[in-house]
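Data block for final.txt (compact mmCIF, C-alpha atoms):
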```txt
# COMPACT_ATOMS: atom_id res chain seq x y z
CA MET W 287 31.15 179.26 111.23
CA GLN W 288 28.98 178.63 108.19
CA PRO W 289 28.20 181.56 105.91
CA ARG W 290 24.83 183.18 106.49
CA ARG W 291 22.20 181.89 104.07
CA ILE W 292 19.23 184.02 103.11
CA LEU W 293 16.02 182.80 101.52
CA GLU W 294 13.95 185.16 99.42
CA VAL W 295 10.18 184.66 99.81
CA PRO W 296 7.60 186.33 97.55
CA ILE W 297 5.02 188.40 99.46
CA PRO W 298 1.44 188.43 98.09
CA ASP W 299 0.37 191.50 96.11
CA GLY W 300 -1.13 194.22 98.25
CA LEU W 301 0.74 193.16 101.38
CA ASP W 302 3.48 195.49 102.59
CA PRO W 303 4.68 194.24 105.99
CA LYS W 304 6.70 196.69 108.05
CA GLY W 305 8.26 196.80 111.51
CA ASP W 306 6.65 194.29 113.86
CA ASP W 307 5.01 192.38 111.00
CA LEU W 308 8.39 191.79 109.36
CA GLU W 309 9.87 190.69 112.68
CA LEU W 310 6.96 188.29 113.18
CA LEU W 311 7.41 186.79 109.71
CA LYS W 312 11.14 186.30 110.34
CA ALA W 313 10.51 184.72 113.75
CA VAL W 314 7.86 182.34 112.39
CA PHE W 315 10.11 181.22 109.55
CA GLN W 316 13.05 180.72 111.91
CA ALA W 317 10.84 178.69 114.28
CA LEU W 318 9.58 176.48 111.45
CA THR W 319 13.12 175.95 110.23
CA ALA W 320 14.30 175.01 113.73
CA LEU W 321 11.40 172.55 114.12
CA ARG W 322 12.14 171.01 110.75
CA VAL W 323 15.85 170.60 111.46
CA SER W 324 15.20 169.11 114.91
CA GLN W 325 13.16 166.34 113.26
CA GLY W 326 16.25 164.93 111.57
CA ARG W 327 16.27 163.46 108.08
CA ASP W 328 14.32 160.22 108.67
CA TRP W 329 11.47 161.58 106.58
CA LEU W 330 13.69 161.56 103.50
CA ALA W 331 14.16 157.78 103.69
CA LYS W 332 10.38 157.35 103.98
CA VAL W 333 9.81 159.50 100.90
CA LYS W 334 12.44 157.61 98.91
CA ARG W 335 10.93 154.26 99.93
CA LEU W 336 7.44 155.33 98.86
CA GLU W 337 8.76 156.70 95.58
CA SER W 338 10.67 153.47 94.92
CA GLU W 339 7.32 151.69 95.33
CA GLY W 340 5.81 153.87 92.60
CA TRP W 341 4.12 156.50 94.78
CA THR W 342 4.29 160.20 93.95
CA VAL W 343 4.81 161.96 97.27
CA ARG W 344 3.93 165.59 97.96
CA TRP W 345 3.78 167.30 101.30
CA GLY W 346 3.37 170.78 102.69
CA LEU W 347 1.99 172.85 105.49
CA THR W 348 -1.74 173.46 105.60
CA TRP W 349 -4.28 175.36 107.65
CA ARG W 350 -6.82 173.29 109.59
CA ALA W 351 -10.21 174.66 110.58
CA GLU W 352 -12.75 172.93 112.77
CA ALA W 353 -16.28 173.72 113.84
CA LYS W 354 -17.81 172.02 116.85
CA ARG W 355 -21.18 172.43 118.49
CA GLY W 356 -21.99 169.84 121.14
CA GLU W 357 -21.43 166.46 119.49
CA GLU W 358 -21.50 167.93 115.98
CA TYR W 359 -18.06 168.28 114.42
CA GLU W 360 -16.65 169.23 111.03
CA GLU W 361 -13.04 169.72 109.95
CA ALA W 362 -11.39 170.98 106.76
CA THR W 363 -7.93 171.88 105.54
CA GLY W 364 -6.68 174.38 103.01
CA THR W 365 -3.57 176.05 101.72
CA THR W 366 -4.81 179.36 103.18
CA LEU W 367 -6.81 180.21 106.28
CA ASP W 368 -9.63 181.56 104.10
CA GLU W 369 -9.75 178.30 102.14
CA ALA W 370 -9.88 176.14 105.29
CA LEU W 371 -12.55 178.31 106.94
CA GLY W 372 -14.56 178.48 103.71
CA SER W 373 -14.48 174.71 103.38
CA VAL W 374 -15.50 174.04 106.98
CA SER W 375 -18.26 176.61 106.63
CA GLN W 376 -19.57 174.79 103.53
CA LEU W 377 -19.41 171.44 105.33
CA VAL W 378 -21.41 172.81 108.26
CA ALA W 379 -23.97 174.40 105.95
CA ALA W 380 -24.38 171.20 103.91
CA GLU W 381 -24.50 168.90 106.95
CA PHE W 382 -26.95 170.97 108.92
CA ALA W 383 -29.08 172.56 106.19
CA GLY W 384 -32.55 172.86 107.60
CA HIS W 385 -31.41 171.55 111.00
CA VAL W 386 -32.58 173.66 113.93
CA PRO W 387 -30.62 173.14 117.15
```
Would it be possible to restate this file's structure as structure tokens?
Amino acid sequence: MQPRRILEVPIPDGLDPKGDDLELLKAVFQALTALRVSQGRDWLAKVKRLESEGWTVRWGLTWRAEAKRGEEYEEATGTTLDEALGSVSQLVAAEFAGHVP
């Protein structure tokens, strides 16, 4: 059996998760880890190939927000939920400024 490994993650200022919130955070991280491991290591070869071709490769998880009304559609991403929702809100406002449904 491999030794237990623990990862320390900084929590944003003002946030003090307790009880169920801590359990949720642990479960989400464990689920993401399991998903990542189940994908194998093929991605690493792709990154190395791109880097060998001169590309700088960065990746990470993002939030995606979308707004749809009938056929109208806008989508934005961000590193936080607030950022993604703020961006999609700005896109909708800019696209439909003065537009009355």
Dump as a list in words all residues having an atom at most 8 Å from (-8.0, 170.5, 106.7), computed in the file's coordinates with only C-alpha atoms.
-> Thr348, Trp349, Arg350, Ala351, Glu361, Ala362, Thr363, Gly364 and Ala370 of chain W
Among listed residues W:Val323, W:Leu330, W:Leu347, W:Ile297, nearest Thr365 in chain W (using all atoms listed in the file) | W:Leu347
Around all the atoms of range 316-325 of chain W listed in the file, draw an axis-aligned box and extend it by 5 Å on each of the six sides; I want its centre and edge lengths in Å to one decimal, as JSON.
```
{"center_x": 12.7, "center_y": 173.5, "center_z": 112.6, "size_x": 16.3, "size_y": 24.4, "size_z": 14.7}
```
Coordinates-based distance that separates CA of Leu321 in chain W from CA of Trp345 in chain W (Å, one decimal) =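 Computing it gives 15.8 Å between the two atoms.
Once range 379-382 of chain W and its same-chain neighbours fewer than 5 positions away are set aside, Glu358, Tyr359, Glu360, Ser373, Val374 and Pro387 of chain W remain within 10 Å of it when counting all atoms listed in the file.
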Just write the chosen residues, C-alpha atoms, as a compact mmCIF listing (two decimals), keeping the file's coordinate frame.
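Saved to selection-v4.txt:
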```txt
# COMPACT_ATOMS: atom_id res chain seq x y z
CA GLU W 358 -21.50 167.93 115.98
CA TYR W 359 -18.06 168.28 114.42
CA GLU W 360 -16.65 169.23 111.03
CA SER W 373 -14.48 174.71 103.38
CA VAL W 374 -15.50 174.04 106.98
CA PRO W 387 -30.62 173.14 117.15
```
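Taking CA of Asp368 in chain W and CA of Val295 in chain W as endpoints, the distance between them is 20.5 Å.
Between CA of Phe315 in chain W and CA of Arg290 in chain W the separation is 15.2 Å.
The environment of Val343 in chain W within 10 Å, counting only C-alpha atoms and disregarding residues fewer than 4 places along the same chain, consists of W:Lys332, W:Val333, W:Lys334, W:Leu336, W:Glu337.
Closest to Ala353 in chain W among W:Ser375, W:Ser324, W:Gln316, W:Ser338 is W:Ser375, based on all atoms listed in the file.
Distances to Lys354 in chain W were evaluated for W:Leu311, W:Leu301, W:Leu293, W:Leu377 using only C-alpha atoms, and the minimum falls at W:Leu377.
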With distances taken over all atoms listed in the file, the candidate from W:Lys312, W:Ala320, W:Leu367, W:Gly326 nearest Glu352 in chain W is W:Leu367
